[in-house]
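A short worksheet on the structure shown next.
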Amino acid sequence: MLKSKQFLPVLVGFLIFAGLTLRFYHICKNQFLFYDEGMYLGYNRAFLNLVANNPAHNLSEFGIIIGIMFKTALSTAKALWFFILNLRVFCLGPESWYFARLVSAFSGLATVVLLYFWSKRYFNSKKIATLSALLLLILPSHVFYSRLGMQESLSTFLFLSAIYLYMFQERIRWPFFVSAFLLACVYFTNYRMIIAPVFIAFIECFNAFKDHKKLHWQKAAAYFATFYAIVFGIGSLYGGINIHVTFAWMFHQAQDAGGKFNPINFISYPYYVFALEGFFFACFFWANAYLFKFKEYVKLFPFCIVVLQMLIFSFAAEKGARYLCVVLPFMAAAAAVVMDDSWQRFAKARVWVLAAGAFAIGGMLYLSGAIAMARTDYENAVHFITGHDPQAVIVSTQPLVEGLFLADDKRIVACPTDVYSLLGLYKQGARYLIVDPQAYISWTINGRRFSPPLDDFLEMTLKNAQPIQIFPHLNKILLTRFVLDHNEQILDSIFFLSHAESEGYGKIRIYDLGTVFSTLQHA
């Protein structure tokens with residue numbers, strides 16, 4: 001039997017081992033979930049193949065290649081992420097699709113380490129720092145985004161780095177400007193973080209309130225000016241293409257949000273904490289509210305940062321769970337604070353605190369394990385078709401991801417919205433139709449996400465045509481994340497998930513287009 005003094009190091013060692021395993025298990029497999037992952041990796045594909053076949057012979061040629069990558073990346077709304085993914089051509093090859101997942105995995109691990117140092121310095125407590133890092137290491141959402149071929153994990157590391165440098169320097173010195181640059185990098189990986197300096201203003205206001213001191217508005221103003229100077233300075237290169245692309249898309253989304261506001265959606269982000277991180281972890285996080293009673297404002301800082309992010313993005317058209325990713329380190333720190341505070345404050349209830357903590361950790365390990373073990377079937381679906389017909393032309397509701405697994409991605413096209421366009425594709429040689437959960441985002445009859453039935457011929461196909469192959473694709477946990485990461489109306493999303501298993505919403509179905517037209521003709 002282990003003594004109590006020996007048990008704690010063993011538990012810490014186990015959680016570190018479990019966390020690392022959950023993050024890196026099969027990380028080099030081509031497992032993708034969102035169409036964005038296909039868009040990021042498929043961008044510049046022809047150019048990267050050209051570079052791979054004609055490598056640079058000197059620094060001058062290498063500089064030209066990097067310059068082209070930089071310019072083309074700036075023509076996107078997530079320039080830094082596109083640029084980083086293009087770099088795979090120099091180390092692993094242009095079709096090493098798992099490169100994006102490796103960047104996410106190592107960024108996630110670096111964030112865990114950085115959170116330890118941030119928490120240790122902010123709370124002046126090794127215990128809270130260790131607990132914060134361990135919770136983040138096994139936090140289901142952070143494990144999920146650390147295994148995803150998207151920019152969220154990198155954005156989180158850059159965001160925490162910027163906050164760390166800003167909070168722990170007294171004057172406007174080099175850490176100040178590095179912090180502003182890192183926060184600008186967050187914007188260049190995720191354009192929605194154009195609002196990032198709001199957190200700097202919040203830090204200054206929070207500190208002024210907590211310490212009963214004068215607001216250092218000049219420092220915040222200088223930071224704002226530096227941040228936006230970097231954003232617009234880089235964005236104005238090459239005729240300002242980045243500014244035009246990014247701000248046009250942000251303006252479009254702002255208009256879209258105006259027509260979809262519903263007060264009930266303010267429960268979206270609070271609901272996500274329970275649905276995605278586990279009930280007991282969520283209880284620890286939301287229990288931060290009791291610290292207001294005791295005026296423990298220093299301890300409340302991580303909680304307030306998370307709530308601020310929730311509030312801001314509750315007004316967006318899409319209330320995606322991924323918008324919380326940059327503040328997940330603070331969510332873990334907030335839960336750690338309550339665990340430690342309740343242990344100290346309520347000595348007589350320590351057995352209950354310990355039990356709740358054990359259930360929280362157990363629940364997180366279960367959810368994170370399910371994420372690490374889950375598999376998607378996009379690659380299997382494509383290989384099934386090409387195994388029968390190597391030159392097949394495919395119509396799909398997820399062409400960007402599935403196109404990665406074809407040597408010629410022009411042989412897969414997006415599913416049209418009407419049967420006449422589908423017939424036109426059939427006459428041009430298309431012979432297969434793949435329908436996956438993405439259909440419930442873009443092909444619903446009423447235009448609302450996750451609000452069946454599907455539009456036009458797709459619903460008739462699902463109800464009447466016999467698929468030639470069905471893949472299970474998304475398990476319950478992955479489908480929940482898929483839906484909540486695309487959520488616009490929370491009640492629609494919850495209702496959709498409640499019927500997902502009985503209706504088979506998470507499956508991939510492959511149809512022969514000849515059979516589809518025959519079925520439609522007799523329907």
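Chain labels run A, B, ... following the order of the structure tokens; each chain numbers its residues from 1, and ligands are numbered from 1 in the order shown.
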Practice task
Going by DSSP on the backbone, which bits of stretch 273-469 of chain A are strand (DSSP E or B)? Write them as a list in words, please.
Solution key: Val393, Ile394, Val395, Ser396, Ile412, Val413, Ala414, Ala430, Arg431, Tyr432, Leu433, Ile434, Val435, Thr444, Leu454 and Gln469 of chain A
Problem - Nearby residues (only C-alpha atoms) at most 8 Å from A:Ser75, same-chain spacing under 3 positions excluded, as a ChimeraX atom specification - result: /A:71-72,79,241-242,245
So that I have them on file, write out the residues from the current selection with C-alpha atoms, as a JSON list (two decimals), in the first residue's frame.
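Contents of again.json, as written:
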```
[["chain", "number", "residue", "atom", "x", "y", "z"],
["A", 71, "LYS", "CA", 1.73, 36.42, -50.28],
["A", 72, "THR", "CA", -0.81, 33.67, -50.94],
["A", 79, "ALA", "CA", -2.89, 33.95, -42.91],
["A", 241, "ILE", "CA", -5.36, 42.01, -49.90],
["A", 242, "ASN", "CA", -5.52, 40.63, -46.35],
["A", 245, "VAL", "CA", -10.53, 39.59, -47.60]]
```
Exercise for the section: Quick one: everything within 12 Å of A:His216, counting only C-alpha atoms, minus sequence neighbours fewer than 5 positions away in the same chain. Send it as a ChimeraX atom specification. Expected result: /A:170-172,200-209,221-223
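Proximity to A:Leu136 was assessed for A:Leu85, A:Ile195, A:Ile16, A:Met39 counting only C-alpha atoms; the smallest distance is recorded for A:Ile16.
With only C-alpha atoms taken into account, the protein and nucleic acid residues at most 9 Å from A:Leu433 (excluding it and anything under 5 positions from it in its own chain) are Ile394, Val395, Ser396, Thr397, Cys415, Arg509, Ile510, Tyr511, Asp512, Leu513 and Val516 of chain A.
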Practice task
Compile the contact shell of A:Leu300 as an MDAnalysis selection string: residues with an atom at most 12 Å away, counting only C-alpha atoms, same-chain residues fewer than 6 positions apart removed.
Solution key: chainID A and resid 122:123 203 206:207 210 285:294 306:307 330:331 333:338 341
Problem - Surrounding residues of A:Val382 excluding itself and chain neighbours under 3 positions, 9 Å, only C-alpha atoms, as a PyMOL selection string - result: chain A and resi 377-379+385-387+394+402-403+405-406+434
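With only C-alpha atoms as the atoms that count, the residue of A:Trp81, A:Phe251, A:Tyr440, A:Phe346 with the shortest distance to A:Phe99 is A:Trp81.
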Handout entry: Backbone-only DSSP, alpha helix (DSSP H) members of stretch 9-112 of chain A, as a count of residues only
Key = 71
Find the residues around stretch 478-480 of chain A up to 10 Å (only C-alpha atoms counted), leave out those fewer than 2 positions away in its own chain, and share them as a PDB file with all heavy atoms, in the first residue's frame.
```
ATOM      1  N   LEU A  33     -12.287  16.082 -39.113  1.00  0.00           N
ATOM      2  CA  LEU A  33     -13.682  16.202 -38.735  1.00  0.00           C
ATOM      3  C   LEU A  33     -14.397  17.340 -39.448  1.00  0.00           C
ATOM      4  O   LEU A  33     -15.540  17.201 -39.879  1.00  0.00           O
ATOM      5  CB  LEU A  33     -13.783  16.404 -37.218  1.00  0.00           C
ATOM      6  CG  LEU A  33     -15.170  16.543 -36.614  1.00  0.00           C
ATOM      7  CD1 LEU A  33     -16.008  15.289 -36.875  1.00  0.00           C
ATOM      8  CD2 LEU A  33     -15.070  16.805 -35.110  1.00  0.00           C
ATOM      9  N   PHE A 144      -9.172  17.704 -27.451  1.00  0.00           N
ATOM     10  CA  PHE A 144      -9.821  17.662 -28.758  1.00  0.00           C
ATOM     11  C   PHE A 144      -9.158  18.613 -29.750  1.00  0.00           C
ATOM     12  O   PHE A 144      -8.785  18.210 -30.861  1.00  0.00           O
ATOM     13  CB  PHE A 144     -11.300  18.022 -28.583  1.00  0.00           C
ATOM     14  CG  PHE A 144     -12.069  18.142 -29.872  1.00  0.00           C
ATOM     15  CD1 PHE A 144     -12.333  17.022 -30.638  1.00  0.00           C
ATOM     16  CD2 PHE A 144     -12.528  19.378 -30.319  1.00  0.00           C
ATOM     17  CE1 PHE A 144     -13.049  17.130 -31.824  1.00  0.00           C
ATOM     18  CE2 PHE A 144     -13.247  19.487 -31.494  1.00  0.00           C
ATOM     19  CZ  PHE A 144     -13.502  18.362 -32.247  1.00  0.00           C
ATOM     20  N   ALA A 275     -21.675  20.006 -21.098  1.00  0.00           N
ATOM     21  CA  ALA A 275     -21.811  18.985 -22.135  1.00  0.00           C
ATOM     22  C   ALA A 275     -20.470  18.463 -22.628  1.00  0.00           C
ATOM     23  O   ALA A 275     -20.349  17.280 -22.982  1.00  0.00           O
ATOM     24  CB  ALA A 275     -22.608  19.548 -23.312  1.00  0.00           C
ATOM     25  N   LEU A 276     -19.453  19.314 -22.646  1.00  0.00           N
ATOM     26  CA  LEU A 276     -18.183  18.941 -23.270  1.00  0.00           C
ATOM     27  C   LEU A 276     -17.065  18.629 -22.283  1.00  0.00           C
ATOM     28  O   LEU A 276     -16.134  17.898 -22.621  1.00  0.00           O
ATOM     29  CB  LEU A 276     -17.723  20.051 -24.218  1.00  0.00           C
ATOM     30  CG  LEU A 276     -18.694  20.401 -25.354  1.00  0.00           C
ATOM     31  CD1 LEU A 276     -18.131  21.545 -26.198  1.00  0.00           C
ATOM     32  CD2 LEU A 276     -18.978  19.188 -26.224  1.00  0.00           C
ATOM     33  N   ALA A 370     -12.376   8.943 -25.066  1.00  0.00           N
ATOM     34  CA  ALA A 370     -13.297   8.701 -26.174  1.00  0.00           C
ATOM     35  C   ALA A 370     -12.915   9.534 -27.395  1.00  0.00           C
ATOM     36  O   ALA A 370     -13.063   9.081 -28.537  1.00  0.00           O
ATOM     37  CB  ALA A 370     -14.726   9.019 -25.739  1.00  0.00           C
ATOM     38  N   ILE A 371     -12.427  10.742 -27.157  1.00  0.00           N
ATOM     39  CA  ILE A 371     -11.975  11.599 -28.259  1.00  0.00           C
ATOM     40  C   ILE A 371     -10.743  10.995 -28.929  1.00  0.00           C
ATOM     41  O   ILE A 371     -10.650  10.915 -30.157  1.00  0.00           O
ATOM     42  CB  ILE A 371     -11.675  13.019 -27.734  1.00  0.00           C
ATOM     43  CG1 ILE A 371     -12.974  13.727 -27.337  1.00  0.00           C
ATOM     44  CG2 ILE A 371     -10.920  13.841 -28.784  1.00  0.00           C
ATOM     45  CD1 ILE A 371     -12.762  14.995 -26.548  1.00  0.00           C
ATOM     46  N   ALA A 374     -11.639   7.848 -30.966  1.00  0.00           N
ATOM     47  CA  ALA A 374     -12.640   7.993 -32.034  1.00  0.00           C
ATOM     48  C   ALA A 374     -11.971   8.030 -33.406  1.00  0.00           C
ATOM     49  O   ALA A 374     -10.844   8.516 -33.555  1.00  0.00           O
ATOM     50  CB  ALA A 374     -13.461   9.256 -31.816  1.00  0.00           C
ATOM     51  N   ARG A 375     -12.698   7.546 -34.406  1.00  0.00           N
ATOM     52  CA  ARG A 375     -12.202   7.546 -35.780  1.00  0.00           C
ATOM     53  C   ARG A 375     -13.292   8.072 -36.714  1.00  0.00           C
ATOM     54  O   ARG A 375     -14.478   7.808 -36.513  1.00  0.00           O
ATOM     55  CB  ARG A 375     -11.802   6.132 -36.218  1.00  0.00           C
ATOM     56  CG  ARG A 375     -10.641   5.554 -35.408  1.00  0.00           C
ATOM     57  CD  ARG A 375      -9.339   6.296 -35.697  1.00  0.00           C
ATOM     58  NE  ARG A 375      -8.256   5.801 -34.873  1.00  0.00           N
ATOM     59  CZ  ARG A 375      -7.887   6.354 -33.721  1.00  0.00           C
ATOM     60  NH1 ARG A 375      -8.528   7.407 -33.262  1.00  0.00           N
ATOM     61  NH2 ARG A 375      -6.877   5.865 -33.035  1.00  0.00           N
ATOM     62  N   THR A 376     -12.872   8.810 -37.714  1.00  0.00           N
ATOM     63  CA  THR A 376     -13.802   9.268 -38.748  1.00  0.00           C
ATOM     64  C   THR A 376     -13.588   8.439 -40.011  1.00  0.00           C
ATOM     65  O   THR A 376     -12.567   7.759 -40.154  1.00  0.00           O
ATOM     66  CB  THR A 376     -13.593  10.763 -39.060  1.00  0.00           C
ATOM     67  OG1 THR A 376     -12.242  10.963 -39.518  1.00  0.00           O
ATOM     68  CG2 THR A 376     -13.839  11.621 -37.831  1.00  0.00           C
ATOM     69  N   PRO A 437     -22.650  14.124 -42.210  1.00  0.00           N
ATOM     70  CA  PRO A 437     -23.314  15.080 -41.320  1.00  0.00           C
ATOM     71  C   PRO A 437     -23.219  16.540 -41.760  1.00  0.00           C
ATOM     72  O   PRO A 437     -24.027  17.366 -41.315  1.00  0.00           O
ATOM     73  CB  PRO A 437     -22.600  14.863 -39.984  1.00  0.00           C
ATOM     74  CG  PRO A 437     -22.150  13.439 -40.027  1.00  0.00           C
ATOM     75  CD  PRO A 437     -21.767  13.209 -41.456  1.00  0.00           C
ATOM     76  N   HIS A 473     -18.835   6.399 -39.025  1.00  0.00           N
ATOM     77  CA  HIS A 473     -18.268   7.740 -39.014  1.00  0.00           C
ATOM     78  C   HIS A 473     -18.160   8.355 -37.617  1.00  0.00           C
ATOM     79  O   HIS A 473     -17.206   8.080 -36.913  1.00  0.00           O
ATOM     80  CB  HIS A 473     -19.047   8.646 -39.961  1.00  0.00           C
ATOM     81  CG  HIS A 473     -18.393   9.960 -40.253  1.00  0.00           C
ATOM     82  ND1 HIS A 473     -17.040  10.082 -40.464  1.00  0.00           N
ATOM     83  CD2 HIS A 473     -18.899  11.220 -40.355  1.00  0.00           C
ATOM     84  CE1 HIS A 473     -16.746  11.344 -40.702  1.00  0.00           C
ATOM     85  NE2 HIS A 473     -17.855  12.055 -40.629  1.00  0.00           N
ATOM     86  N   LEU A 474     -19.125   9.146 -37.174  1.00  0.00           N
ATOM     87  CA  LEU A 474     -18.996   9.899 -35.925  1.00  0.00           C
ATOM     88  C   LEU A 474     -19.693   9.184 -34.774  1.00  0.00           C
ATOM     89  O   LEU A 474     -20.896   8.927 -34.828  1.00  0.00           O
ATOM     90  CB  LEU A 474     -19.585  11.304 -36.073  1.00  0.00           C
ATOM     91  CG  LEU A 474     -19.008  12.193 -37.180  1.00  0.00           C
ATOM     92  CD1 LEU A 474     -19.625  13.581 -37.119  1.00  0.00           C
ATOM     93  CD2 LEU A 474     -17.487  12.273 -37.090  1.00  0.00           C
ATOM     94  N   ASN A 475     -18.916   8.916 -33.711  1.00  0.00           N
ATOM     95  CA  ASN A 475     -19.554   8.403 -32.507  1.00  0.00           C
ATOM     96  C   ASN A 475     -20.280   9.547 -31.788  1.00  0.00           C
ATOM     97  O   ASN A 475     -20.265  10.689 -32.242  1.00  0.00           O
ATOM     98  CB  ASN A 475     -18.532   7.715 -31.589  1.00  0.00           C
ATOM     99  CG  ASN A 475     -17.465   8.676 -31.058  1.00  0.00           C
ATOM    100  OD1 ASN A 475     -17.600   9.902 -31.132  1.00  0.00           O
ATOM    101  ND2 ASN A 475     -16.404   8.118 -30.504  1.00  0.00           N
ATOM    102  N   LYS A 476     -20.922   9.232 -30.685  1.00  0.00           N
ATOM    103  CA  LYS A 476     -21.749  10.223 -29.999  1.00  0.00           C
ATOM    104  C   LYS A 476     -20.952  11.449 -29.582  1.00  0.00           C
ATOM    105  O   LYS A 476     -21.415  12.585 -29.737  1.00  0.00           O
ATOM    106  CB  LYS A 476     -22.405   9.575 -28.771  1.00  0.00           C
ATOM    107  CG  LYS A 476     -23.344  10.510 -28.020  1.00  0.00           C
ATOM    108  CD  LYS A 476     -23.998   9.797 -26.852  1.00  0.00           C
ATOM    109  CE  LYS A 476     -24.935  10.742 -26.091  1.00  0.00           C
ATOM    110  NZ  LYS A 476     -25.583  10.048 -24.938  1.00  0.00           N
ATOM    111  N   PHE A 482     -19.088  18.098 -33.202  1.00  0.00           N
ATOM    112  CA  PHE A 482     -19.337  18.594 -34.550  1.00  0.00           C
ATOM    113  C   PHE A 482     -20.523  19.560 -34.560  1.00  0.00           C
ATOM    114  O   PHE A 482     -20.467  20.639 -35.156  1.00  0.00           O
ATOM    115  CB  PHE A 482     -19.607  17.414 -35.486  1.00  0.00           C
ATOM    116  CG  PHE A 482     -19.897  17.802 -36.907  1.00  0.00           C
ATOM    117  CD1 PHE A 482     -18.860  18.023 -37.800  1.00  0.00           C
ATOM    118  CD2 PHE A 482     -21.206  17.943 -37.362  1.00  0.00           C
ATOM    119  CE1 PHE A 482     -19.113  18.384 -39.113  1.00  0.00           C
ATOM    120  CE2 PHE A 482     -21.478  18.288 -38.670  1.00  0.00           C
ATOM    121  CZ  PHE A 482     -20.431  18.515 -39.549  1.00  0.00           C
ATOM    122  N   VAL A 483     -21.588  19.180 -33.886  1.00  0.00           N
ATOM    123  CA  VAL A 483     -22.799  20.005 -33.858  1.00  0.00           C
ATOM    124  C   VAL A 483     -22.566  21.285 -33.062  1.00  0.00           C
ATOM    125  O   VAL A 483     -22.887  22.398 -33.526  1.00  0.00           O
ATOM    126  CB  VAL A 483     -23.984  19.209 -33.271  1.00  0.00           C
ATOM    127  CG1 VAL A 483     -25.184  20.118 -33.041  1.00  0.00           C
ATOM    128  CG2 VAL A 483     -24.354  18.058 -34.204  1.00  0.00           C
ATOM    129  N   LEU A 484     -21.995  21.176 -31.871  1.00  0.00           N
ATOM    130  CA  LEU A 484     -21.828  22.354 -31.022  1.00  0.00           C
ATOM    131  C   LEU A 484     -20.759  23.302 -31.553  1.00  0.00           C
ATOM    132  O   LEU A 484     -20.778  24.490 -31.230  1.00  0.00           O
ATOM    133  CB  LEU A 484     -21.509  21.926 -29.587  1.00  0.00           C
ATOM    134  CG  LEU A 484     -22.621  21.128 -28.892  1.00  0.00           C
ATOM    135  CD1 LEU A 484     -22.248  20.836 -27.453  1.00  0.00           C
ATOM    136  CD2 LEU A 484     -23.957  21.860 -28.965  1.00  0.00           C
ATOM    137  N   ASP A 485     -19.855  22.801 -32.369  1.00  0.00           N
ATOM    138  CA  ASP A 485     -18.871  23.696 -32.992  1.00  0.00           C
ATOM    139  C   ASP A 485     -19.463  24.457 -34.168  1.00  0.00           C
ATOM    140  O   ASP A 485     -18.833  25.382 -34.686  1.00  0.00           O
ATOM    141  CB  ASP A 485     -17.637  22.916 -33.442  1.00  0.00           C
ATOM    142  CG  ASP A 485     -16.455  23.116 -32.513  1.00  0.00           C
ATOM    143  OD1 ASP A 485     -16.169  24.272 -32.191  1.00  0.00           O
ATOM    144  OD2 ASP A 485     -15.834  22.119 -32.096  1.00  0.00           O
ATOM    145  N   SER A 493     -29.853  22.544 -32.028  1.00  0.00           N
ATOM    146  CA  SER A 493     -28.706  21.640 -31.885  1.00  0.00           C
ATOM    147  C   SER A 493     -28.980  20.549 -30.860  1.00  0.00           C
ATOM    148  O   SER A 493     -28.658  19.374 -31.085  1.00  0.00           O
ATOM    149  CB  SER A 493     -27.460  22.445 -31.485  1.00  0.00           C
ATOM    150  OG  SER A 493     -27.109  23.368 -32.499  1.00  0.00           O
ATOM    151  N   ILE A 494     -29.574  20.923 -29.736  1.00  0.00           N
ATOM    152  CA  ILE A 494     -29.874  19.929 -28.697  1.00  0.00           C
ATOM    153  C   ILE A 494     -30.907  18.925 -29.192  1.00  0.00           C
ATOM    154  O   ILE A 494     -30.768  17.710 -28.975  1.00  0.00           O
ATOM    155  CB  ILE A 494     -30.361  20.640 -27.416  1.00  0.00           C
ATOM    156  CG1 ILE A 494     -29.211  21.448 -26.786  1.00  0.00           C
ATOM    157  CG2 ILE A 494     -30.907  19.628 -26.417  1.00  0.00           C
ATOM    158  CD1 ILE A 494     -29.630  22.293 -25.603  1.00  0.00           C
ATOM    159  N   PHE A 496     -31.513  18.091 -32.302  1.00  0.00           N
ATOM    160  CA  PHE A 496     -30.854  17.278 -33.326  1.00  0.00           C
ATOM    161  C   PHE A 496     -30.046  16.152 -32.673  1.00  0.00           C
ATOM    162  O   PHE A 496     -30.132  14.993 -33.087  1.00  0.00           O
ATOM    163  CB  PHE A 496     -29.947  18.173 -34.168  1.00  0.00           C
ATOM    164  CG  PHE A 496     -29.178  17.460 -35.242  1.00  0.00           C
ATOM    165  CD1 PHE A 496     -29.732  17.244 -36.494  1.00  0.00           C
ATOM    166  CD2 PHE A 496     -27.883  17.021 -35.012  1.00  0.00           C
ATOM    167  CE1 PHE A 496     -29.013  16.585 -37.489  1.00  0.00           C
ATOM    168  CE2 PHE A 496     -27.156  16.365 -35.993  1.00  0.00           C
ATOM    169  CZ  PHE A 496     -27.735  16.151 -37.239  1.00  0.00           C
ATOM    170  N   LEU A 497     -29.279  16.493 -31.653  1.00  0.00           N
ATOM    171  CA  LEU A 497     -28.443  15.499 -30.986  1.00  0.00           C
ATOM    172  C   LEU A 497     -29.286  14.449 -30.270  1.00  0.00           C
ATOM    173  O   LEU A 497     -28.894  13.279 -30.190  1.00  0.00           O
ATOM    174  CB  LEU A 497     -27.499  16.189 -29.998  1.00  0.00           C
ATOM    175  CG  LEU A 497     -26.343  16.962 -30.628  1.00  0.00           C
ATOM    176  CD1 LEU A 497     -25.622  17.809 -29.578  1.00  0.00           C
ATOM    177  CD2 LEU A 497     -25.357  16.017 -31.307  1.00  0.00           C
ATOM    178  N   SER A 498     -30.438  14.851 -29.760  1.00  0.00           N
ATOM    179  CA  SER A 498     -31.288  13.902 -29.042  1.00  0.00           C
ATOM    180  C   SER A 498     -31.865  12.835 -29.974  1.00  0.00           C
ATOM    181  O   SER A 498     -32.254  11.754 -29.530  1.00  0.00           O
ATOM    182  CB  SER A 498     -32.424  14.645 -28.325  1.00  0.00           C
ATOM    183  OG  SER A 498     -33.344  15.195 -29.260  1.00  0.00           O
ATOM    184  N   ALA A 500     -30.134  11.925 -32.872  1.00  0.00           N
ATOM    185  CA  ALA A 500     -29.044  11.558 -33.785  1.00  0.00           C
ATOM    186  C   ALA A 500     -28.872  10.056 -33.924  1.00  0.00           C
ATOM    187  O   ALA A 500     -28.682   9.540 -35.028  1.00  0.00           O
ATOM    188  CB  ALA A 500     -27.740  12.194 -33.303  1.00  0.00           C
ATOM    189  N   GLU A 501     -28.932   9.326 -32.830  1.00  0.00           N
ATOM    190  CA  GLU A 501     -28.693   7.886 -32.891  1.00  0.00           C
ATOM    191  C   GLU A 501     -29.808   7.163 -33.634  1.00  0.00           C
ATOM    192  O   GLU A 501     -29.548   6.303 -34.490  1.00  0.00           O
ATOM    193  CB  GLU A 501     -28.549   7.319 -31.478  1.00  0.00           C
ATOM    194  CG  GLU A 501     -28.151   5.849 -31.458  1.00  0.00           C
ATOM    195  CD  GLU A 501     -27.846   5.350 -30.066  1.00  0.00           C
ATOM    196  OE1 GLU A 501     -27.889   6.158 -29.111  1.00  0.00           O
ATOM    197  OE2 GLU A 501     -27.553   4.149 -29.934  1.00  0.00           O
ATOM    198  N   TYR A 505     -27.827  10.279 -37.894  1.00  0.00           N
ATOM    199  CA  TYR A 505     -27.288  11.537 -38.410  1.00  0.00           C
ATOM    200  C   TYR A 505     -25.757  11.549 -38.515  1.00  0.00           C
ATOM    201  O   TYR A 505     -25.196  12.318 -39.287  1.00  0.00           O
ATOM    202  CB  TYR A 505     -27.713  12.698 -37.507  1.00  0.00           C
ATOM    203  CG  TYR A 505     -29.188  13.027 -37.552  1.00  0.00           C
ATOM    204  CD1 TYR A 505     -29.856  13.455 -36.404  1.00  0.00           C
ATOM    205  CD2 TYR A 505     -29.916  12.910 -38.734  1.00  0.00           C
ATOM    206  CE1 TYR A 505     -31.210  13.771 -36.440  1.00  0.00           C
ATOM    207  CE2 TYR A 505     -31.266  13.222 -38.775  1.00  0.00           C
ATOM    208  CZ  TYR A 505     -31.906  13.652 -37.620  1.00  0.00           C
ATOM    209  OH  TYR A 505     -33.242  13.967 -37.652  1.00  0.00           O
ATOM    210  N   GLY A 506     -25.081  10.707 -37.737  1.00  0.00           N
ATOM    211  CA  GLY A 506     -23.620  10.749 -37.733  1.00  0.00           C
ATOM    212  C   GLY A 506     -22.956   9.858 -38.770  1.00  0.00           C
ATOM    213  O   GLY A 506     -21.728   9.800 -38.843  1.00  0.00           O
ATOM    214  N   LYS A 507     -23.728   9.207 -39.624  1.00  0.00           N
ATOM    215  CA  LYS A 507     -23.174   8.245 -40.571  1.00  0.00           C
ATOM    216  C   LYS A 507     -22.781   8.874 -41.905  1.00  0.00           C
ATOM    217  O   LYS A 507     -23.252   9.950 -42.260  1.00  0.00           O
ATOM    218  CB  LYS A 507     -24.190   7.124 -40.810  1.00  0.00           C
ATOM    219  CG  LYS A 507     -24.513   6.308 -39.564  1.00  0.00           C
ATOM    220  CD  LYS A 507     -25.539   5.236 -39.856  1.00  0.00           C
ATOM    221  CE  LYS A 507     -25.842   4.408 -38.593  1.00  0.00           C
ATOM    222  NZ  LYS A 507     -26.844   3.358 -38.853  1.00  0.00           N
TER     223      LYS A 507
END
```
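One finds atom CA of A:Ile230 at 13.7 Å from atom CA of A:Leu74.
Residue nearest A:Glu296, chosen from A:Ala248, A:Trp97, A:Asp211, A:Met193 and counting only C-alpha atoms: A:Asp211.
Going from atom CA of A:Lys214 over to atom CA of A:Pro302, you cover 21.7 Å.
The space separating atom CA of A:Val186 from atom CA of A:Ser155 comes to 5.1 Å.
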